[in-house]
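Participant: Data file work-v3.cif (mmCIF, N, CA, C and O atoms) is appended below.
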```
data_coords
loop_
_atom_site.label_atom_id
_atom_site.label_comp_id
_atom_site.auth_asym_id
_atom_site.auth_seq_id
_atom_site.Cartn_x
_atom_site.Cartn_y
_atom_site.Cartn_z
N MET A 16 167.00 -171.86 -106.75
CA MET A 16 166.42 -173.04 -107.34
C MET A 16 164.96 -172.79 -107.76
O MET A 16 164.53 -173.23 -108.81
N ILE A 17 164.24 -172.09 -106.90
CA ILE A 17 162.82 -171.82 -107.18
C ILE A 17 162.69 -170.94 -108.42
O ILE A 17 161.83 -171.18 -109.28
N ALA A 18 163.56 -169.94 -108.52
CA ALA A 18 163.51 -169.06 -109.70
C ALA A 18 163.82 -169.84 -110.97
O ALA A 18 163.22 -169.60 -112.02
N LEU A 19 164.74 -170.79 -110.89
CA LEU A 19 165.09 -171.61 -112.05
C LEU A 19 163.91 -172.51 -112.47
O LEU A 19 163.65 -172.66 -113.66
N ILE A 20 163.21 -173.06 -111.50
CA ILE A 20 162.04 -173.89 -111.80
C ILE A 20 160.97 -173.06 -112.49
O ILE A 20 160.42 -173.46 -113.52
N ILE A 21 160.68 -171.89 -111.93
CA ILE A 21 159.67 -171.03 -112.52
C ILE A 21 160.08 -170.59 -113.92
O ILE A 21 159.27 -170.58 -114.85
N LEU A 22 161.35 -170.24 -114.10
CA LEU A 22 161.84 -169.84 -115.42
C LEU A 22 161.70 -170.98 -116.43
O LEU A 22 161.26 -170.76 -117.56
N ALA A 23 162.03 -172.19 -116.02
CA ALA A 23 161.92 -173.34 -116.93
C ALA A 23 160.48 -173.56 -117.35
O ALA A 23 160.20 -173.80 -118.53
N PHE A 24 159.56 -173.47 -116.41
CA PHE A 24 158.15 -173.68 -116.75
C PHE A 24 157.61 -172.55 -117.62
O PHE A 24 156.79 -172.78 -118.49
N LEU A 25 158.06 -171.33 -117.40
CA LEU A 25 157.65 -170.22 -118.25
C LEU A 25 158.16 -170.39 -119.67
O LEU A 25 157.45 -170.08 -120.64
N VAL A 26 159.39 -170.87 -119.81
CA VAL A 26 159.95 -171.11 -121.15
C VAL A 26 159.14 -172.19 -121.87
O VAL A 26 158.81 -172.06 -123.05
N ILE A 27 158.78 -173.25 -121.15
CA ILE A 27 157.97 -174.31 -121.75
C ILE A 27 156.63 -173.76 -122.21
O ILE A 27 156.17 -174.03 -123.32
N ALA A 28 155.99 -172.98 -121.35
CA ALA A 28 154.70 -172.40 -121.71
C ALA A 28 154.84 -171.44 -122.89
O ALA A 28 154.00 -171.42 -123.79
N TYR A 29 155.90 -170.65 -122.91
CA TYR A 29 156.13 -169.69 -123.99
C TYR A 29 156.34 -170.40 -125.33
O TYR A 29 155.90 -169.92 -126.37
N LEU A 30 156.99 -171.54 -125.31
CA LEU A 30 157.27 -172.27 -126.55
C LEU A 30 156.08 -173.08 -127.04
O LEU A 30 155.88 -173.20 -128.26
N ASP A 31 155.28 -173.63 -126.14
CA ASP A 31 154.21 -174.53 -126.54
C ASP A 31 152.85 -173.88 -126.69
O ASP A 31 152.11 -174.18 -127.63
N ALA A 32 152.48 -173.02 -125.78
CA ALA A 32 151.11 -172.49 -125.73
C ALA A 32 150.71 -171.65 -126.95
O ALA A 32 149.61 -171.83 -127.46
N PRO A 33 151.54 -170.74 -127.45
CA PRO A 33 151.09 -169.93 -128.59
C PRO A 33 150.74 -170.74 -129.83
O PRO A 33 149.77 -170.43 -130.53
N GLY A 34 151.48 -171.78 -130.10
CA GLY A 34 151.17 -172.62 -131.25
C GLY A 34 149.83 -173.31 -131.11
O GLY A 34 149.06 -173.40 -132.07
N LEU A 35 149.55 -173.81 -129.92
CA LEU A 35 148.26 -174.45 -129.69
C LEU A 35 147.13 -173.43 -129.76
O LEU A 35 146.05 -173.73 -130.26
N TRP A 36 147.38 -172.23 -129.26
CA TRP A 36 146.36 -171.17 -129.30
C TRP A 36 146.06 -170.77 -130.75
O TRP A 36 144.90 -170.61 -131.12
N GLN A 37 147.09 -170.61 -131.56
CA GLN A 37 146.90 -170.20 -132.95
C GLN A 37 146.18 -171.27 -133.76
O GLN A 37 145.38 -170.97 -134.65
N LYS A 38 146.47 -172.53 -133.48
CA LYS A 38 145.81 -173.64 -134.19
C LYS A 38 144.43 -173.94 -133.62
O LYS A 38 143.75 -174.82 -134.11
N LYS A 39 144.06 -173.22 -132.57
CA LYS A 39 142.77 -173.38 -131.88
C LYS A 39 142.57 -174.82 -131.39
O LYS A 39 141.49 -175.39 -131.50
N GLU A 40 143.62 -175.38 -130.86
CA GLU A 40 143.56 -176.72 -130.28
C GLU A 40 143.29 -176.57 -128.78
O GLU A 40 144.17 -176.70 -127.93
N TRP A 41 142.02 -176.30 -128.46
CA TRP A 41 141.65 -175.94 -127.10
C TRP A 41 141.81 -177.09 -126.12
O TRP A 41 142.22 -176.88 -124.98
N ARG A 42 141.47 -178.30 -126.56
CA ARG A 42 141.59 -179.45 -125.66
C ARG A 42 143.05 -179.71 -125.30
O ARG A 42 143.38 -179.96 -124.13
N GLU A 43 143.91 -179.67 -126.30
CA GLU A 43 145.33 -179.89 -126.05
C GLU A 43 145.90 -178.79 -125.16
O GLU A 43 146.72 -179.05 -124.28
N LEU A 44 145.44 -177.56 -125.37
CA LEU A 44 145.88 -176.44 -124.54
C LEU A 44 145.42 -176.63 -123.10
O LEU A 44 146.18 -176.37 -122.16
N ALA A 45 144.20 -177.10 -122.91
CA ALA A 45 143.69 -177.34 -121.56
C ALA A 45 144.46 -178.45 -120.87
O ALA A 45 144.84 -178.32 -119.70
N VAL A 46 144.71 -179.54 -121.59
CA VAL A 46 145.47 -180.65 -121.01
C VAL A 46 146.89 -180.19 -120.69
O VAL A 46 147.43 -180.51 -119.62
N MET A 47 147.50 -179.43 -121.59
CA MET A 47 148.84 -178.92 -121.32
C MET A 47 148.83 -178.04 -120.08
O MET A 47 149.74 -178.12 -119.24
N GLY A 48 147.82 -177.22 -119.93
CA GLY A 48 147.73 -176.35 -118.76
C GLY A 48 147.60 -177.12 -117.47
O GLY A 48 148.23 -176.78 -116.46
N ILE A 49 146.80 -178.19 -117.50
CA ILE A 49 146.62 -179.01 -116.31
C ILE A 49 147.91 -179.74 -115.95
O ILE A 49 148.36 -179.72 -114.80
N VAL A 50 148.52 -180.39 -116.94
CA VAL A 50 149.77 -181.12 -116.70
C VAL A 50 150.88 -180.15 -116.28
O VAL A 50 151.66 -180.44 -115.36
N TRP A 51 150.93 -178.99 -116.91
CA TRP A 51 151.92 -177.97 -116.59
C TRP A 51 151.74 -177.50 -115.15
O TRP A 51 152.71 -177.38 -114.41
N SER A 52 150.50 -177.26 -114.75
CA SER A 52 150.23 -176.80 -113.38
C SER A 52 150.59 -177.86 -112.35
O SER A 52 151.17 -177.54 -111.30
N LEU A 53 150.25 -179.12 -112.63
CA LEU A 53 150.63 -180.20 -111.71
C LEU A 53 152.14 -180.34 -111.60
O LEU A 53 152.68 -180.52 -110.51
N GLY A 54 152.81 -180.26 -112.73
CA GLY A 54 154.27 -180.36 -112.71
C GLY A 54 154.91 -179.21 -111.96
O GLY A 54 155.86 -179.41 -111.19
N LEU A 55 154.39 -178.01 -112.15
CA LEU A 55 154.91 -176.85 -111.43
C LEU A 55 154.68 -176.99 -109.94
O LEU A 55 155.58 -176.74 -109.13
N ALA A 56 153.48 -177.42 -109.56
CA ALA A 56 153.17 -177.59 -108.13
C ALA A 56 154.07 -178.65 -107.49
O ALA A 56 154.60 -178.44 -106.39
N LEU A 57 154.25 -179.78 -108.16
CA LEU A 57 155.13 -180.82 -107.62
C LEU A 57 156.58 -180.36 -107.54
O LEU A 57 157.27 -180.63 -106.56
N SER A 58 157.04 -179.65 -108.56
CA SER A 58 158.42 -179.17 -108.56
C SER A 58 158.66 -178.15 -107.45
O SER A 58 159.68 -178.21 -106.76
N LEU A 59 157.72 -177.24 -107.28
CA LEU A 59 157.87 -176.25 -106.20
C LEU A 59 157.75 -176.91 -104.83
O LEU A 59 158.46 -176.52 -103.89
N GLY A 60 156.89 -177.92 -104.72
CA GLY A 60 156.79 -178.65 -103.47
C GLY A 60 158.10 -179.33 -103.10
O GLY A 60 158.53 -179.29 -101.94
N LEU A 61 158.74 -179.91 -104.08
CA LEU A 61 160.05 -180.53 -103.83
C LEU A 61 161.11 -179.49 -103.50
O LEU A 61 161.96 -179.71 -102.64
N ALA A 62 161.06 -178.34 -104.16
CA ALA A 62 162.04 -177.29 -103.90
C ALA A 62 161.88 -176.72 -102.49
O ALA A 62 162.86 -176.33 -101.85
N PHE A 63 160.65 -176.68 -101.99
CA PHE A 63 160.39 -176.18 -100.64
C PHE A 63 160.49 -177.28 -99.58
O PHE A 63 160.16 -177.06 -98.43
N HIS A 64 160.89 -178.48 -99.99
CA HIS A 64 161.06 -179.63 -99.10
C HIS A 64 159.74 -180.00 -98.41
O HIS A 64 159.72 -180.34 -97.23
N LEU A 65 158.65 -179.91 -99.14
CA LEU A 65 157.35 -180.31 -98.63
C LEU A 65 157.14 -181.80 -98.90
O LEU A 65 157.71 -182.35 -99.84
N PRO A 66 156.33 -182.47 -98.08
CA PRO A 66 156.05 -183.89 -98.36
C PRO A 66 155.18 -184.01 -99.61
O PRO A 66 154.02 -183.61 -99.61
N VAL A 67 155.76 -184.53 -100.66
CA VAL A 67 155.07 -184.68 -101.93
C VAL A 67 154.68 -186.14 -102.10
O VAL A 67 155.51 -187.03 -101.92
N PRO A 68 153.41 -186.41 -102.44
CA PRO A 68 153.00 -187.80 -102.60
C PRO A 68 153.71 -188.46 -103.78
O PRO A 68 153.96 -187.82 -104.80
N SER A 69 154.01 -189.72 -103.62
CA SER A 69 154.70 -190.47 -104.67
C SER A 69 153.72 -190.88 -105.76
O SER A 69 152.71 -191.53 -105.48
N PRO A 70 154.01 -190.53 -107.01
CA PRO A 70 153.13 -190.99 -108.10
C PRO A 70 153.13 -192.50 -108.24
O PRO A 70 152.14 -193.09 -108.67
N ALA A 71 154.22 -193.16 -107.86
CA ALA A 71 154.29 -194.62 -107.97
C ALA A 71 153.27 -195.28 -107.05
O ALA A 71 152.63 -196.27 -107.42
N LYS A 72 153.09 -194.73 -105.85
CA LYS A 72 152.10 -195.30 -104.93
C LYS A 72 150.68 -195.12 -105.47
O LYS A 72 149.85 -196.00 -105.34
N MET A 73 150.43 -193.95 -106.06
CA MET A 73 149.10 -193.71 -106.63
C MET A 73 148.84 -194.66 -107.81
O MET A 73 147.74 -195.20 -107.94
N LEU A 74 149.85 -194.87 -108.64
CA LEU A 74 149.68 -195.79 -109.78
C LEU A 74 149.49 -197.22 -109.30
O LEU A 74 148.68 -197.96 -109.86
N ALA A 75 150.23 -197.61 -108.27
CA ALA A 75 150.09 -198.96 -107.73
C ALA A 75 148.70 -199.15 -107.14
O ALA A 75 148.09 -200.22 -107.29
N ARG A 76 148.18 -198.14 -106.47
CA ARG A 76 146.84 -198.22 -105.90
C ARG A 76 145.78 -198.35 -107.00
O ARG A 76 144.79 -199.04 -106.84
N PHE A 77 146.01 -197.68 -108.11
CA PHE A 77 145.06 -197.73 -109.22
C PHE A 77 145.16 -199.05 -109.99
O PHE A 77 144.16 -199.69 -110.29
N PHE A 78 146.40 -199.45 -110.32
CA PHE A 78 146.58 -200.62 -111.17
C PHE A 78 146.60 -201.93 -110.39
O PHE A 78 146.58 -203.00 -111.00
N GLY A 79 146.66 -201.91 -109.07
CA GLY A 79 146.64 -203.13 -108.28
C GLY A 79 145.42 -203.98 -108.56
O GLY A 79 145.54 -205.17 -108.88
N PRO A 80 144.21 -203.41 -108.45
CA PRO A 80 143.02 -204.21 -108.76
C PRO A 80 142.96 -204.66 -110.21
O PRO A 80 142.51 -205.76 -110.51
N VAL A 81 143.43 -203.83 -111.13
CA VAL A 81 143.43 -204.19 -112.55
C VAL A 81 144.37 -205.38 -112.77
O VAL A 81 144.03 -206.33 -113.48
N THR A 82 145.53 -205.34 -112.15
CA THR A 82 146.49 -206.43 -112.29
C THR A 82 145.94 -207.74 -111.72
O THR A 82 146.07 -208.79 -112.34
N SER A 83 145.34 -207.66 -110.55
CA SER A 83 144.80 -208.91 -109.95
C SER A 83 143.63 -209.43 -110.80
O SER A 83 143.49 -210.65 -110.94
N TRP A 84 142.82 -208.57 -111.36
CA TRP A 84 141.73 -209.00 -112.22
C TRP A 84 142.27 -209.69 -113.48
O TRP A 84 141.78 -210.73 -113.88
N LEU A 85 143.31 -209.09 -114.10
CA LEU A 85 143.90 -209.69 -115.29
C LEU A 85 144.56 -211.02 -114.95
O LEU A 85 144.52 -211.97 -115.75
N THR A 86 145.18 -211.12 -113.79
CA THR A 86 145.82 -212.37 -113.38
C THR A 86 144.78 -213.47 -113.22
O THR A 86 144.98 -214.61 -113.65
N ARG A 87 143.65 -213.14 -112.60
CA ARG A 87 142.58 -214.14 -112.45
C ARG A 87 141.99 -214.51 -113.82
O ARG A 87 141.64 -215.65 -114.07
N LEU A 88 141.90 -213.54 -114.71
CA LEU A 88 141.32 -213.78 -116.03
C LEU A 88 142.22 -214.68 -116.87
O LEU A 88 141.77 -215.62 -117.52
N ILE A 89 143.51 -214.41 -116.85
CA ILE A 89 144.46 -215.16 -117.68
C ILE A 89 144.89 -216.46 -117.00
O ILE A 89 145.02 -217.49 -117.65
N GLY A 90 145.15 -216.38 -115.70
CA GLY A 90 145.72 -217.52 -114.99
C GLY A 90 144.71 -218.52 -114.66
O GLY A 90 144.68 -219.65 -114.64
#
```
Could you take the file, read its structure, and then write that structure out as structure tokens?

Facilitator:
Amino acid sequence: MIALIILAFLVIAYLDAPGLWQKKEWRELAVMGIVWSLGLALSLGLAFHLPVPSPAKMLARFFGPVTSWLTRLIG
């Protein structure tokens, strides 16, 4: 499973990165690298049965105050 995850991420990088490099889209390449690295780390963490934090909890923690502020503003 781990080899398949690594192979999939390498294929994604092989298909996407050269085009961004040739077009000199450095910001997009940097963002792709960051998102790619996070996705690889989370995928490998799940494959190794490590406790991986839930993105839903992080989003709820971030958007909770925004939601309550909007509710007070509108309501």

Participant: Centre and edge lengths of an axis-aligned box around all listed atoms of stretch 79-90 of chain A, with 4 Å added on each side, are to be given in Å to one decimal, as lines of an AutoDock Vina configuration file.

Facilitator:
```
center_x = 144.0
center_y = -210.8
center_z = -113.0
size_x = 13.3
size_y = 25.7
size_z = 17.4
```

Participant: State, in Å with one decimal place, the distance from atom CA of A:Pro68 to atom O of A:Ala56.

Facilitator: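 Value for the atom CA of A:Pro68-atom O of A:Ala56 distance: 10.2 Å.
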
Participant: Given the file shown, determine the residues that the PyMOL selection byres (((chain A and resi 37-54 and name CA) around 12) and name CA) selects; report them as a list in words.

Facilitator: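 Expected selection for the PyMOL selection byres (((chain A and resi 37-54 and name CA) around 12) and name CA) here is Ile20, Ile21, Ala23, Phe24, Leu25, Val26, Ile27, Ala28, Tyr29, Leu30, Asp31, Ala32, Pro33, Gly34, Leu35, Trp36, Leu55, Ala56, Leu57, Ser58, Leu59, Gly60, Leu61, Val67 and Pro70 of chain A.
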
Participant: Next, the residues of the selection above should be written as a tab-separated table (two decimals), in the coordinates of the input with N, CA, C and O atoms.

Facilitator:
```
chain	number	residue	atom	x	y	z
A	20	ILE	N	163.21	-173.06	-111.50
A	20	ILE	CA	162.04	-173.89	-111.80
A	20	ILE	C	160.97	-173.06	-112.49
A	20	ILE	O	160.42	-173.46	-113.52
A	21	ILE	N	160.68	-171.89	-111.93
A	21	ILE	CA	159.67	-171.03	-112.52
A	21	ILE	C	160.08	-170.59	-113.92
A	21	ILE	O	159.27	-170.58	-114.85
A	23	ALA	N	162.03	-172.19	-116.02
A	23	ALA	CA	161.92	-173.34	-116.93
A	23	ALA	C	160.48	-173.56	-117.35
A	23	ALA	O	160.20	-173.80	-118.53
A	24	PHE	N	159.56	-173.47	-116.41
A	24	PHE	CA	158.15	-173.68	-116.75
A	24	PHE	C	157.61	-172.55	-117.62
A	24	PHE	O	156.79	-172.78	-118.49
A	25	LEU	N	158.06	-171.33	-117.40
A	25	LEU	CA	157.65	-170.22	-118.25
A	25	LEU	C	158.16	-170.39	-119.67
A	25	LEU	O	157.45	-170.08	-120.64
A	26	VAL	N	159.39	-170.87	-119.81
A	26	VAL	CA	159.95	-171.11	-121.15
A	26	VAL	C	159.14	-172.19	-121.87
A	26	VAL	O	158.81	-172.06	-123.05
A	27	ILE	N	158.78	-173.25	-121.15
A	27	ILE	CA	157.97	-174.31	-121.75
A	27	ILE	C	156.63	-173.76	-122.21
A	27	ILE	O	156.17	-174.03	-123.32
A	28	ALA	N	155.99	-172.98	-121.35
A	28	ALA	CA	154.70	-172.40	-121.71
A	28	ALA	C	154.84	-171.44	-122.89
A	28	ALA	O	154.00	-171.42	-123.79
A	29	TYR	N	155.90	-170.65	-122.91
A	29	TYR	CA	156.13	-169.69	-123.99
A	29	TYR	C	156.34	-170.40	-125.33
A	29	TYR	O	155.90	-169.92	-126.37
A	30	LEU	N	156.99	-171.54	-125.31
A	30	LEU	CA	157.27	-172.27	-126.55
A	30	LEU	C	156.08	-173.08	-127.04
A	30	LEU	O	155.88	-173.20	-128.26
A	31	ASP	N	155.28	-173.63	-126.14
A	31	ASP	CA	154.21	-174.53	-126.54
A	31	ASP	C	152.85	-173.88	-126.69
A	31	ASP	O	152.11	-174.18	-127.63
A	32	ALA	N	152.48	-173.02	-125.78
A	32	ALA	CA	151.11	-172.49	-125.73
A	32	ALA	C	150.71	-171.65	-126.95
A	32	ALA	O	149.61	-171.83	-127.46
A	33	PRO	N	151.54	-170.74	-127.45
A	33	PRO	CA	151.09	-169.93	-128.59
A	33	PRO	C	150.74	-170.74	-129.83
A	33	PRO	O	149.77	-170.43	-130.53
A	34	GLY	N	151.48	-171.78	-130.10
A	34	GLY	CA	151.17	-172.62	-131.25
A	34	GLY	C	149.83	-173.31	-131.11
A	34	GLY	O	149.06	-173.40	-132.07
A	35	LEU	N	149.55	-173.81	-129.92
A	35	LEU	CA	148.26	-174.45	-129.69
A	35	LEU	C	147.13	-173.43	-129.76
A	35	LEU	O	146.05	-173.73	-130.26
A	36	TRP	N	147.38	-172.23	-129.26
A	36	TRP	CA	146.36	-171.17	-129.30
A	36	TRP	C	146.06	-170.77	-130.75
A	36	TRP	O	144.90	-170.61	-131.12
A	55	LEU	N	154.39	-178.01	-112.15
A	55	LEU	CA	154.91	-176.85	-111.43
A	55	LEU	C	154.68	-176.99	-109.94
A	55	LEU	O	155.58	-176.74	-109.13
A	56	ALA	N	153.48	-177.42	-109.56
A	56	ALA	CA	153.17	-177.59	-108.13
A	56	ALA	C	154.07	-178.65	-107.49
A	56	ALA	O	154.60	-178.44	-106.39
A	57	LEU	N	154.25	-179.78	-108.16
A	57	LEU	CA	155.13	-180.82	-107.62
A	57	LEU	C	156.58	-180.36	-107.54
A	57	LEU	O	157.27	-180.63	-106.56
A	58	SER	N	157.04	-179.65	-108.56
A	58	SER	CA	158.42	-179.17	-108.56
A	58	SER	C	158.66	-178.15	-107.45
A	58	SER	O	159.68	-178.21	-106.76
A	59	LEU	N	157.72	-177.24	-107.28
A	59	LEU	CA	157.87	-176.25	-106.20
A	59	LEU	C	157.75	-176.91	-104.83
A	59	LEU	O	158.46	-176.52	-103.89
A	60	GLY	N	156.89	-177.92	-104.72
A	60	GLY	CA	156.79	-178.65	-103.47
A	60	GLY	C	158.10	-179.33	-103.10
A	60	GLY	O	158.53	-179.29	-101.94
A	61	LEU	N	158.74	-179.91	-104.08
A	61	LEU	CA	160.05	-180.53	-103.83
A	61	LEU	C	161.11	-179.49	-103.50
A	61	LEU	O	161.96	-179.71	-102.64
A	67	VAL	N	155.76	-184.53	-100.66
A	67	VAL	CA	155.07	-184.68	-101.93
A	67	VAL	C	154.68	-186.14	-102.10
A	67	VAL	O	155.51	-187.03	-101.92
A	70	PRO	N	154.01	-190.53	-107.01
A	70	PRO	CA	153.13	-190.99	-108.10
A	70	PRO	C	153.13	-192.50	-108.24
A	70	PRO	O	152.14	-193.09	-108.67
```

Participant: Report the distance between atom O of A:Leu65 and atom N of A:Ile17 in Å, rounded to one decimal place.

Facilitator: 14.1 Å

Participant: Tell me, in Å to one decimal, how far atom N of A:Ala18 is from atom N of A:Ala71.

Facilitator: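 Pair atom N of A:Ala18 / atom N of A:Ala71 returns 25.0 Å.
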
Participant: Between A:Ala75, A:Leu88, A:Ala62, A:Val81, single out the one closest to A:Met16, counting only N, CA, C and O atoms.

Facilitator: A:Ala62

Participant: Write stretch 64-74 of chain A as a PDB file, in the coordinates of the input, completed to all heavy atoms.

Facilitator:
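Output (part.pdb):
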```
ATOM      1  N   HIS A  64     160.890-178.480 -99.990  1.00  0.00           N
ATOM      2  CA  HIS A  64     161.060-179.630 -99.100  1.00  0.00           C
ATOM      3  C   HIS A  64     159.740-180.000 -98.410  1.00  0.00           C
ATOM      4  O   HIS A  64     159.720-180.340 -97.230  1.00  0.00           O
ATOM      5  CB  HIS A  64     162.155-179.391 -98.068  1.00  0.00           C
ATOM      6  CG  HIS A  64     163.468-179.059 -98.683  1.00  0.00           C
ATOM      7  ND1 HIS A  64     164.222-179.994 -99.354  1.00  0.00           N
ATOM      8  CD2 HIS A  64     164.157-177.898 -98.763  1.00  0.00           C
ATOM      9  CE1 HIS A  64     165.307-179.421 -99.805  1.00  0.00           C
ATOM     10  NE2 HIS A  64     165.298-178.142 -99.466  1.00  0.00           N
ATOM     11  N   LEU A  65     158.650-179.910 -99.140  1.00  0.00           N
ATOM     12  CA  LEU A  65     157.350-180.310 -98.630  1.00  0.00           C
ATOM     13  C   LEU A  65     157.140-181.800 -98.900  1.00  0.00           C
ATOM     14  O   LEU A  65     157.710-182.350 -99.840  1.00  0.00           O
ATOM     15  CB  LEU A  65     156.236-179.519 -99.323  1.00  0.00           C
ATOM     16  CG  LEU A  65     156.254-178.011 -99.111  1.00  0.00           C
ATOM     17  CD1 LEU A  65     155.190-177.344 -99.962  1.00  0.00           C
ATOM     18  CD2 LEU A  65     156.049-177.678 -97.648  1.00  0.00           C
ATOM     19  N   PRO A  66     156.330-182.470 -98.080  1.00  0.00           N
ATOM     20  CA  PRO A  66     156.050-183.890 -98.360  1.00  0.00           C
ATOM     21  C   PRO A  66     155.180-184.010 -99.610  1.00  0.00           C
ATOM     22  O   PRO A  66     154.020-183.610 -99.610  1.00  0.00           O
ATOM     23  CB  PRO A  66     155.325-184.362 -97.108  1.00  0.00           C
ATOM     24  CG  PRO A  66     154.772-183.129 -96.494  1.00  0.00           C
ATOM     25  CD  PRO A  66     155.690-182.001 -96.870  1.00  0.00           C
ATOM     26  N   VAL A  67     155.760-184.530-100.660  1.00  0.00           N
ATOM     27  CA  VAL A  67     155.070-184.680-101.930  1.00  0.00           C
ATOM     28  C   VAL A  67     154.680-186.140-102.100  1.00  0.00           C
ATOM     29  O   VAL A  67     155.510-187.030-101.920  1.00  0.00           O
ATOM     30  CB  VAL A  67     155.978-184.212-103.099  1.00  0.00           C
ATOM     31  CG1 VAL A  67     155.301-184.412-104.432  1.00  0.00           C
ATOM     32  CG2 VAL A  67     156.384-182.768-102.904  1.00  0.00           C
ATOM     33  N   PRO A  68     153.410-186.410-102.440  1.00  0.00           N
ATOM     34  CA  PRO A  68     153.000-187.800-102.600  1.00  0.00           C
ATOM     35  C   PRO A  68     153.710-188.460-103.780  1.00  0.00           C
ATOM     36  O   PRO A  68     153.960-187.820-104.800  1.00  0.00           O
ATOM     37  CB  PRO A  68     151.487-187.714-102.855  1.00  0.00           C
ATOM     38  CG  PRO A  68     151.255-186.329-103.337  1.00  0.00           C
ATOM     39  CD  PRO A  68     152.321-185.475-102.707  1.00  0.00           C
ATOM     40  N   SER A  69     154.010-189.720-103.620  1.00  0.00           N
ATOM     41  CA  SER A  69     154.700-190.470-104.670  1.00  0.00           C
ATOM     42  C   SER A  69     153.720-190.880-105.760  1.00  0.00           C
ATOM     43  O   SER A  69     152.710-191.530-105.480  1.00  0.00           O
ATOM     44  CB  SER A  69     155.355-191.710-104.078  1.00  0.00           C
ATOM     45  OG  SER A  69     155.843-192.536-105.101  1.00  0.00           O
ATOM     46  N   PRO A  70     154.010-190.530-107.010  1.00  0.00           N
ATOM     47  CA  PRO A  70     153.130-190.990-108.100  1.00  0.00           C
ATOM     48  C   PRO A  70     153.130-192.500-108.240  1.00  0.00           C
ATOM     49  O   PRO A  70     152.140-193.090-108.670  1.00  0.00           O
ATOM     50  CB  PRO A  70     153.721-190.330-109.349  1.00  0.00           C
ATOM     51  CG  PRO A  70     154.600-189.247-108.860  1.00  0.00           C
ATOM     52  CD  PRO A  70     155.033-189.633-107.485  1.00  0.00           C
ATOM     53  N   ALA A  71     154.220-193.160-107.860  1.00  0.00           N
ATOM     54  CA  ALA A  71     154.290-194.620-107.970  1.00  0.00           C
ATOM     55  C   ALA A  71     153.270-195.280-107.050  1.00  0.00           C
ATOM     56  O   ALA A  71     152.630-196.270-107.420  1.00  0.00           O
ATOM     57  CB  ALA A  71     155.698-195.103-107.635  1.00  0.00           C
ATOM     58  N   LYS A  72     153.090-194.730-105.850  1.00  0.00           N
ATOM     59  CA  LYS A  72     152.100-195.300-104.930  1.00  0.00           C
ATOM     60  C   LYS A  72     150.680-195.120-105.470  1.00  0.00           C
ATOM     61  O   LYS A  72     149.850-196.000-105.340  1.00  0.00           O
ATOM     62  CB  LYS A  72     152.227-194.652-103.557  1.00  0.00           C
ATOM     63  CG  LYS A  72     153.470-195.057-102.814  1.00  0.00           C
ATOM     64  CD  LYS A  72     153.536-194.412-101.451  1.00  0.00           C
ATOM     65  CE  LYS A  72     154.826-194.772-100.735  1.00  0.00           C
ATOM     66  NZ  LYS A  72     154.925-194.114 -99.430  1.00  0.00           N
ATOM     67  N   MET A  73     150.430-193.950-106.060  1.00  0.00           N
ATOM     68  CA  MET A  73     149.100-193.710-106.630  1.00  0.00           C
ATOM     69  C   MET A  73     148.840-194.660-107.810  1.00  0.00           C
ATOM     70  O   MET A  73     147.740-195.200-107.940  1.00  0.00           O
ATOM     71  CB  MET A  73     148.974-192.255-107.084  1.00  0.00           C
ATOM     72  CG  MET A  73     148.855-191.284-105.940  1.00  0.00           C
ATOM     73  SD  MET A  73     148.561-189.621-106.495  1.00  0.00           S
ATOM     74  CE  MET A  73     150.237-188.986-106.479  1.00  0.00           C
ATOM     75  N   LEU A  74     149.850-194.870-108.640  1.00  0.00           N
ATOM     76  CA  LEU A  74     149.680-195.790-109.780  1.00  0.00           C
ATOM     77  C   LEU A  74     149.490-197.220-109.300  1.00  0.00           C
ATOM     78  O   LEU A  74     148.680-197.960-109.860  1.00  0.00           O
ATOM     79  CB  LEU A  74     150.887-195.688-110.703  1.00  0.00           C
ATOM     80  CG  LEU A  74     150.987-194.414-111.531  1.00  0.00           C
ATOM     81  CD1 LEU A  74     152.314-194.365-112.278  1.00  0.00           C
ATOM     82  CD2 LEU A  74     149.834-194.313-112.502  1.00  0.00           C
TER      83      LEU A  74
END
```
